[in-house]
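Below: model_29.cif (mmCIF, N, CA and C atoms)
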data_data
#
loop_
_atom_site.label_atom_id
_atom_site.label_comp_id
_atom_site.auth_asym_id
_atom_site.auth_seq_id
_atom_site.Cartn_x
_atom_site.Cartn_y
_atom_site.Cartn_z
N MET H 1176 -0.82 1.78 22.64
CA MET H 1176 -0.68 1.83 21.20
C MET H 1176 -1.88 1.15 20.55
N MET H 1177 -2.20 1.63 19.38
CA MET H 1177 -3.37 1.08 18.71
C MET H 1177 -3.36 1.45 17.24
N ARG H 1178 -4.38 1.00 16.54
CA ARG H 1178 -4.67 1.42 15.19
C ARG H 1178 -3.74 0.84 14.13
N ARG H 1179 -3.20 -0.34 14.39
CA ARG H 1179 -2.46 -1.06 13.36
C ARG H 1179 -3.13 -2.39 13.14
N VAL H 1180 -3.11 -2.84 11.91
CA VAL H 1180 -3.79 -4.09 11.58
C VAL H 1180 -3.00 -4.79 10.47
N ARG H 1181 -3.09 -6.10 10.45
CA ARG H 1181 -2.49 -6.87 9.35
C ARG H 1181 -3.34 -6.69 8.10
N CYS H 1182 -2.68 -6.58 6.98
CA CYS H 1182 -3.37 -6.36 5.72
C CYS H 1182 -4.44 -7.40 5.44
N ILE H 1183 -4.19 -8.63 5.81
CA ILE H 1183 -5.17 -9.68 5.53
C ILE H 1183 -6.53 -9.38 6.17
N ASN H 1184 -6.52 -8.62 7.26
CA ASN H 1184 -7.77 -8.31 7.96
C ASN H 1184 -8.60 -7.22 7.28
N ILE H 1185 -8.01 -6.47 6.38
CA ILE H 1185 -8.75 -5.41 5.69
C ILE H 1185 -8.75 -5.59 4.18
N HIS H 1186 -8.14 -6.66 3.72
CA HIS H 1186 -7.97 -6.86 2.27
C HIS H 1186 -9.30 -6.85 1.52
N ASP H 1187 -10.32 -7.52 2.04
CA ASP H 1187 -11.61 -7.53 1.34
C ASP H 1187 -12.22 -6.13 1.25
N CYS H 1188 -12.04 -5.33 2.29
CA CYS H 1188 -12.56 -3.95 2.24
C CYS H 1188 -11.87 -3.13 1.16
N LEU H 1189 -10.62 -3.46 0.88
CA LEU H 1189 -9.85 -2.69 -0.09
C LEU H 1189 -10.03 -3.16 -1.52
N TYR H 1190 -10.33 -4.44 -1.70
CA TYR H 1190 -10.33 -5.00 -3.06
C TYR H 1190 -11.57 -5.80 -3.44
N ASN H 1191 -12.35 -6.27 -2.49
CA ASN H 1191 -13.46 -7.15 -2.84
C ASN H 1191 -14.58 -7.03 -1.80
N PHE H 1192 -15.07 -5.85 -1.59
CA PHE H 1192 -16.09 -5.62 -0.58
C PHE H 1192 -17.39 -6.34 -0.96
N ASN H 1193 -17.87 -7.18 -0.08
CA ASN H 1193 -19.11 -7.96 -0.30
C ASN H 1193 -19.09 -8.69 -1.64
N ASN H 1194 -17.93 -9.21 -2.00
CA ASN H 1194 -17.74 -9.98 -3.24
C ASN H 1194 -18.08 -9.19 -4.50
N THR H 1195 -17.83 -7.88 -4.48
CA THR H 1195 -18.09 -7.03 -5.66
C THR H 1195 -16.86 -6.80 -6.52
N ARG H 1196 -15.69 -7.24 -6.02
CA ARG H 1196 -14.41 -6.97 -6.67
C ARG H 1196 -14.11 -5.47 -6.73
N LYS H 1197 -14.72 -4.73 -5.83
CA LYS H 1197 -14.53 -3.29 -5.70
C LYS H 1197 -14.29 -2.97 -4.23
N PRO H 1198 -13.70 -1.81 -3.94
CA PRO H 1198 -13.49 -1.45 -2.53
C PRO H 1198 -14.80 -1.04 -1.84
N ASP H 1199 -14.75 -1.02 -0.53
CA ASP H 1199 -15.86 -0.53 0.27
C ASP H 1199 -16.15 0.91 -0.15
N PRO H 1200 -17.34 1.22 -0.63
CA PRO H 1200 -17.64 2.57 -1.14
C PRO H 1200 -17.68 3.64 -0.05
N THR H 1201 -17.69 3.24 1.22
CA THR H 1201 -17.74 4.25 2.28
C THR H 1201 -16.35 4.76 2.67
N ILE H 1202 -15.29 4.13 2.17
CA ILE H 1202 -13.93 4.58 2.51
C ILE H 1202 -13.56 5.78 1.65
N GLU H 1203 -13.12 6.82 2.28
CA GLU H 1203 -12.71 8.05 1.60
C GLU H 1203 -11.54 7.73 0.67
N GLU H 1204 -11.50 8.40 -0.49
CA GLU H 1204 -10.58 8.06 -1.59
C GLU H 1204 -9.10 8.13 -1.21
N SER H 1205 -8.66 9.18 -0.51
CA SER H 1205 -7.23 9.27 -0.16
C SER H 1205 -6.85 8.20 0.86
N THR H 1206 -7.78 7.85 1.73
CA THR H 1206 -7.53 6.78 2.70
C THR H 1206 -7.42 5.45 1.98
N LEU H 1207 -8.31 5.21 1.03
CA LEU H 1207 -8.25 3.99 0.24
C LEU H 1207 -6.92 3.88 -0.48
N SER H 1208 -6.47 4.95 -1.07
CA SER H 1208 -5.18 4.96 -1.78
C SER H 1208 -4.03 4.64 -0.84
N TYR H 1209 -4.01 5.27 0.33
CA TYR H 1209 -2.97 5.03 1.33
C TYR H 1209 -2.96 3.56 1.75
N LEU H 1210 -4.13 3.01 2.05
CA LEU H 1210 -4.22 1.63 2.52
C LEU H 1210 -3.84 0.65 1.42
N ARG H 1211 -4.27 0.91 0.21
CA ARG H 1211 -3.91 0.03 -0.91
C ARG H 1211 -2.41 0.06 -1.18
N ASN H 1212 -1.80 1.21 -0.99
CA ASN H 1212 -0.35 1.30 -1.19
C ASN H 1212 0.38 0.43 -0.17
N GLY H 1213 -0.11 0.39 1.06
CA GLY H 1213 0.51 -0.43 2.09
C GLY H 1213 0.11 -1.88 2.06
N CYS H 1214 -1.02 -2.17 1.43
CA CYS H 1214 -1.56 -3.53 1.34
C CYS H 1214 -1.88 -3.85 -0.12
N PRO H 1215 -0.88 -4.24 -0.89
CA PRO H 1215 -1.14 -4.52 -2.31
C PRO H 1215 -2.03 -5.74 -2.49
N PRO H 1216 -2.61 -5.89 -3.68
CA PRO H 1216 -3.47 -7.06 -3.95
C PRO H 1216 -2.72 -8.36 -3.74
N LYS H 1217 -3.46 -9.38 -3.31
CA LYS H 1217 -2.85 -10.70 -3.15
C LYS H 1217 -2.63 -11.29 -4.54
N THR H 1218 -1.38 -11.63 -4.84
CA THR H 1218 -1.08 -12.18 -6.15
C THR H 1218 -0.41 -13.54 -6.08
N ARG H 1219 0.13 -13.89 -4.89
CA ARG H 1219 0.82 -15.18 -4.80
C ARG H 1219 0.76 -15.70 -3.37
N LEU H 1220 0.88 -16.99 -3.25
CA LEU H 1220 0.93 -17.65 -1.95
C LEU H 1220 2.21 -17.26 -1.24
N GLY H 1221 2.14 -16.99 0.03
CA GLY H 1221 3.32 -16.62 0.79
C GLY H 1221 3.69 -15.15 0.71
N GLN H 1222 2.85 -14.38 0.09
CA GLN H 1222 3.09 -12.95 -0.02
C GLN H 1222 3.14 -12.33 1.38
N PRO H 1223 4.01 -11.33 1.63
CA PRO H 1223 4.07 -10.70 2.95
C PRO H 1223 2.71 -10.16 3.39
N ASN H 1224 2.51 -10.15 4.70
CA ASN H 1224 1.27 -9.67 5.30
C ASN H 1224 1.64 -8.59 6.33
N PRO H 1225 1.97 -7.39 5.83
CA PRO H 1225 2.49 -6.36 6.74
C PRO H 1225 1.43 -5.79 7.67
N LEU H 1226 1.91 -5.14 8.73
CA LEU H 1226 1.07 -4.32 9.58
C LEU H 1226 0.98 -2.94 8.95
N ILE H 1227 -0.20 -2.35 9.00
CA ILE H 1227 -0.36 -1.01 8.45
C ILE H 1227 -1.02 -0.12 9.50
N ASN H 1228 -0.55 1.11 9.55
CA ASN H 1228 -1.10 2.10 10.47
C ASN H 1228 -2.41 2.62 9.88
N LEU H 1229 -3.51 2.43 10.60
CA LEU H 1229 -4.81 2.85 10.09
C LEU H 1229 -5.08 4.34 10.24
N ASN H 1230 -4.22 5.04 10.93
CA ASN H 1230 -4.39 6.49 11.10
C ASN H 1230 -3.06 7.17 10.79
N PRO H 1231 -2.77 7.43 9.51
CA PRO H 1231 -1.47 7.99 9.14
C PRO H 1231 -1.22 9.38 9.72
N SER H 1232 -2.24 10.08 10.17
CA SER H 1232 -2.04 11.39 10.77
C SER H 1232 -1.62 11.30 12.24
N ASN H 1233 -1.58 10.09 12.78
CA ASN H 1233 -1.24 9.88 14.19
C ASN H 1233 -0.21 8.76 14.27
N LEU H 1234 1.01 9.06 13.87
CA LEU H 1234 2.03 8.02 13.76
C LEU H 1234 2.49 7.47 15.10
N ASP H 1235 2.26 8.18 16.20
CA ASP H 1235 2.64 7.63 17.51
C ASP H 1235 1.62 6.61 18.00
N GLN H 1236 0.51 6.47 17.30
CA GLN H 1236 -0.50 5.44 17.52
C GLN H 1236 -1.19 5.54 18.88
N LEU H 1237 -1.27 6.72 19.42
CA LEU H 1237 -1.99 6.91 20.67
C LEU H 1237 -3.45 7.20 20.37
N PHE H 1238 -4.32 6.87 21.30
CA PHE H 1238 -5.75 7.10 21.14
C PHE H 1238 -6.02 8.58 21.40
N THR H 1239 -6.32 9.34 20.33
CA THR H 1239 -6.53 10.78 20.44
C THR H 1239 -7.78 11.19 19.67
N ASN H 1240 -8.05 12.48 19.66
CA ASN H 1240 -9.20 13.00 18.91
C ASN H 1240 -9.07 12.75 17.42
N SER H 1241 -7.85 12.55 16.93
CA SER H 1241 -7.69 12.31 15.49
C SER H 1241 -8.42 11.03 15.07
N TYR H 1242 -8.56 10.08 15.98
CA TYR H 1242 -9.32 8.87 15.68
C TYR H 1242 -10.76 9.23 15.34
N TYR H 1243 -11.38 10.07 16.15
CA TYR H 1243 -12.77 10.46 15.90
C TYR H 1243 -12.90 11.28 14.62
N SER H 1244 -11.89 12.09 14.32
CA SER H 1244 -11.90 12.82 13.05
C SER H 1244 -11.89 11.86 11.88
N GLN H 1245 -11.10 10.79 12.01
CA GLN H 1245 -11.04 9.78 10.96
C GLN H 1245 -12.43 9.14 10.78
N VAL H 1246 -13.09 8.83 11.87
CA VAL H 1246 -14.42 8.21 11.80
C VAL H 1246 -15.40 9.15 11.10
N LEU H 1247 -15.42 10.40 11.49
CA LEU H 1247 -16.39 11.35 10.96
C LEU H 1247 -16.17 11.72 9.49
N THR H 1248 -14.97 11.48 8.97
CA THR H 1248 -14.68 11.81 7.58
C THR H 1248 -14.51 10.58 6.70
N ASN H 1249 -15.05 9.45 7.14
CA ASN H 1249 -15.03 8.19 6.37
C ASN H 1249 -13.62 7.72 6.05
N LYS H 1250 -12.69 7.93 6.98
CA LYS H 1250 -11.31 7.49 6.77
C LYS H 1250 -10.99 6.29 7.65
N VAL H 1251 -12.00 5.46 7.89
CA VAL H 1251 -11.80 4.23 8.66
C VAL H 1251 -12.23 3.04 7.81
N VAL H 1252 -11.63 1.92 8.06
CA VAL H 1252 -11.91 0.74 7.24
C VAL H 1252 -12.48 -0.42 8.04
N LEU H 1253 -12.22 -0.48 9.32
CA LEU H 1253 -12.73 -1.57 10.13
C LEU H 1253 -14.21 -1.38 10.43
N GLY H 1254 -14.96 -2.44 10.35
CA GLY H 1254 -16.40 -2.37 10.59
C GLY H 1254 -16.73 -1.82 11.96
N VAL H 1255 -15.94 -2.18 12.96
CA VAL H 1255 -16.19 -1.69 14.30
C VAL H 1255 -16.05 -0.17 14.37
N ASP H 1256 -15.15 0.40 13.59
CA ASP H 1256 -14.99 1.85 13.54
C ASP H 1256 -16.17 2.50 12.82
N GLN H 1257 -16.60 1.89 11.73
CA GLN H 1257 -17.73 2.44 10.97
C GLN H 1257 -19.00 2.41 11.80
N GLN H 1258 -19.14 1.46 12.70
CA GLN H 1258 -20.33 1.39 13.54
C GLN H 1258 -20.44 2.61 14.44
N LEU H 1259 -19.32 3.22 14.79
CA LEU H 1259 -19.37 4.43 15.60
C LEU H 1259 -20.12 5.54 14.87
N ARG H 1260 -19.99 5.56 13.56
CA ARG H 1260 -20.66 6.60 12.79
C ARG H 1260 -22.07 6.19 12.37
N TYR H 1261 -22.23 4.96 11.95
CA TYR H 1261 -23.49 4.54 11.35
C TYR H 1261 -24.36 3.68 12.25
N GLY H 1262 -23.80 3.20 13.36
CA GLY H 1262 -24.56 2.35 14.25
C GLY H 1262 -25.58 3.14 15.05
N GLY H 1263 -26.76 2.59 15.24
CA GLY H 1263 -27.82 3.27 15.97
C GLY H 1263 -27.49 3.55 17.42
N ASP H 1264 -26.62 2.76 18.02
CA ASP H 1264 -26.31 2.94 19.43
C ASP H 1264 -25.40 4.14 19.69
N THR H 1265 -24.66 4.57 18.69
CA THR H 1265 -23.68 5.65 18.91
C THR H 1265 -23.94 6.89 18.09
N TYR H 1266 -24.90 6.84 17.20
CA TYR H 1266 -25.19 7.96 16.32
C TYR H 1266 -25.87 9.09 17.08
N VAL H 1267 -25.38 10.29 16.89
CA VAL H 1267 -25.97 11.47 17.55
C VAL H 1267 -26.55 12.38 16.48
N LYS H 1268 -27.86 12.64 16.55
CA LYS H 1268 -28.48 13.54 15.60
C LYS H 1268 -28.16 14.98 15.98
N ARG H 1269 -27.92 15.79 14.98
CA ARG H 1269 -27.64 17.22 15.24
C ARG H 1269 -28.66 18.08 14.57
#

Exercise: express the given structure as structure tokens:
Amino acid sequence: MMRRVRCINIHDCLYNFNNTRKPDPTIEESTLSYLRNGCPPKTRLGQPNPLINLNPSNLDQLFTNSYYSQVLTNKVVLGVDQQLRYGGDTYVKR
């Protein structure tokens, strides 16, 4: 199983990327909406910190080709996932 994360680990990407008070501009809009719905803004101390599925098209959470589809269409939020697309070590020119 994979692809679930606590909201606190992606909160800055959703609401305050690089201290801009805006989301990470590389996250695709429908993915951003889905993630924000599951991880609301922090408004109070002690607020719940739920786990969220980072790949809603793969609810069984198995490692499949849908993960790579998510990467290629900017539907990933973790930096390690984005490196697969933008990192020099894994980028394939076509």

Original post:
Could you name the residues that touch H:Ile1183 at 8 Å or less, counting all atoms listed in the file, but leaving out those on the same chain fewer than 2 positions away, as an NGL selection string?
Top reply: :H and (1180-1181 or 1185-1188 or 1214 or 1223-1226)

**OP:** Determine the nearest neighbour of H:Ser1205 from the options H:Asn1228, H:Tyr1190, H:Lys1250, H:Ser1241, counting only N, CA and C atoms.
**Re:** H:Lys1250

**OP:** Extract, using only N, CA and C atoms, all DNA, RNA and protein residues at most 6.5 Å from H:Asn1249, discarding same-chain residues fewer than 5 positions from it, and format them as a PyMOL selection string.
**Re:** chain H and resi 1201-1203+1244

Original post:
In Å, how far is it from atom C of H:Cys1182 to atom C of H:Pro1198?
Top reply: 14.2 Å

Original post:
Can you list every residue in stretch 1185-1217 of chain H that DSSP puts in alpha helix (DSSP H), as a PyMOL selection string?
Top reply: chain H and resi 1186-1190+1204-1213

Write out the residues from the selection above, keeping N, CA and C atoms, as a PDB file, in the frame of the given file.
ATOM      1  N   HIS H1186      -8.140  -6.660   3.720  1.00  0.00           N
ATOM      2  CA  HIS H1186      -7.970  -6.860   2.270  1.00  0.00           C
ATOM      3  C   HIS H1186      -9.300  -6.850   1.520  1.00  0.00           C
ATOM      4  N   ASP H1187     -10.320  -7.520   2.040  1.00  0.00           N
ATOM      5  CA  ASP H1187     -11.610  -7.530   1.340  1.00  0.00           C
ATOM      6  C   ASP H1187     -12.220  -6.130   1.250  1.00  0.00           C
ATOM      7  N   CYS H1188     -12.040  -5.330   2.290  1.00  0.00           N
ATOM      8  CA  CYS H1188     -12.560  -3.950   2.240  1.00  0.00           C
ATOM      9  C   CYS H1188     -11.870  -3.130   1.160  1.00  0.00           C
ATOM     10  N   LEU H1189     -10.620  -3.460   0.880  1.00  0.00           N
ATOM     11  CA  LEU H1189      -9.850  -2.690  -0.090  1.00  0.00           C
ATOM     12  C   LEU H1189     -10.030  -3.160  -1.520  1.00  0.00           C
ATOM     13  N   TYR H1190     -10.330  -4.440  -1.700  1.00  0.00           N
ATOM     14  CA  TYR H1190     -10.330  -5.000  -3.060  1.00  0.00           C
ATOM     15  C   TYR H1190     -11.570  -5.800  -3.440  1.00  0.00           C
ATOM     16  N   GLU H1204     -11.500   8.400  -0.490  1.00  0.00           N
ATOM     17  CA  GLU H1204     -10.580   8.060  -1.590  1.00  0.00           C
ATOM     18  C   GLU H1204      -9.100   8.130  -1.210  1.00  0.00           C
ATOM     19  N   SER H1205      -8.660   9.180  -0.510  1.00  0.00           N
ATOM     20  CA  SER H1205      -7.230   9.270  -0.160  1.00  0.00           C
ATOM     21  C   SER H1205      -6.850   8.200   0.860  1.00  0.00           C
ATOM     22  N   THR H1206      -7.780   7.850   1.730  1.00  0.00           N
ATOM     23  CA  THR H1206      -7.530   6.780   2.700  1.00  0.00           C
ATOM     24  C   THR H1206      -7.420   5.450   1.980  1.00  0.00           C
ATOM     25  N   LEU H1207      -8.310   5.210   1.030  1.00  0.00           N
ATOM     26  CA  LEU H1207      -8.250   3.990   0.240  1.00  0.00           C
ATOM     27  C   LEU H1207      -6.920   3.880  -0.480  1.00  0.00           C
ATOM     28  N   SER H1208      -6.470   4.950  -1.070  1.00  0.00           N
ATOM     29  CA  SER H1208      -5.180   4.960  -1.780  1.00  0.00           C
ATOM     30  C   SER H1208      -4.030   4.640  -0.840  1.00  0.00           C
ATOM     31  N   TYR H1209      -4.010   5.270   0.330  1.00  0.00           N
ATOM     32  CA  TYR H1209      -2.970   5.030   1.330  1.00  0.00           C
ATOM     33  C   TYR H1209      -2.960   3.560   1.750  1.00  0.00           C
ATOM     34  N   LEU H1210      -4.130   3.010   2.050  1.00  0.00           N
ATOM     35  CA  LEU H1210      -4.220   1.630   2.520  1.00  0.00           C
ATOM     36  C   LEU H1210      -3.840   0.650   1.420  1.00  0.00           C
ATOM     37  N   ARG H1211      -4.270   0.910   0.210  1.00  0.00           N
ATOM     38  CA  ARG H1211      -3.910   0.030  -0.910  1.00  0.00           C
ATOM     39  C   ARG H1211      -2.410   0.060  -1.180  1.00  0.00           C
ATOM     40  N   ASN H1212      -1.800   1.210  -0.990  1.00  0.00           N
ATOM     41  CA  ASN H1212      -0.350   1.300  -1.190  1.00  0.00           C
ATOM     42  C   ASN H1212       0.380   0.430  -0.170  1.00  0.00           C
ATOM     43  N   GLY H1213      -0.110   0.390   1.060  1.00  0.00           N
ATOM     44  CA  GLY H1213       0.510  -0.430   2.090  1.00  0.00           C
ATOM     45  C   GLY H1213       0.110  -1.880   2.060  1.00  0.00           C
TER      46      GLY H1213
END
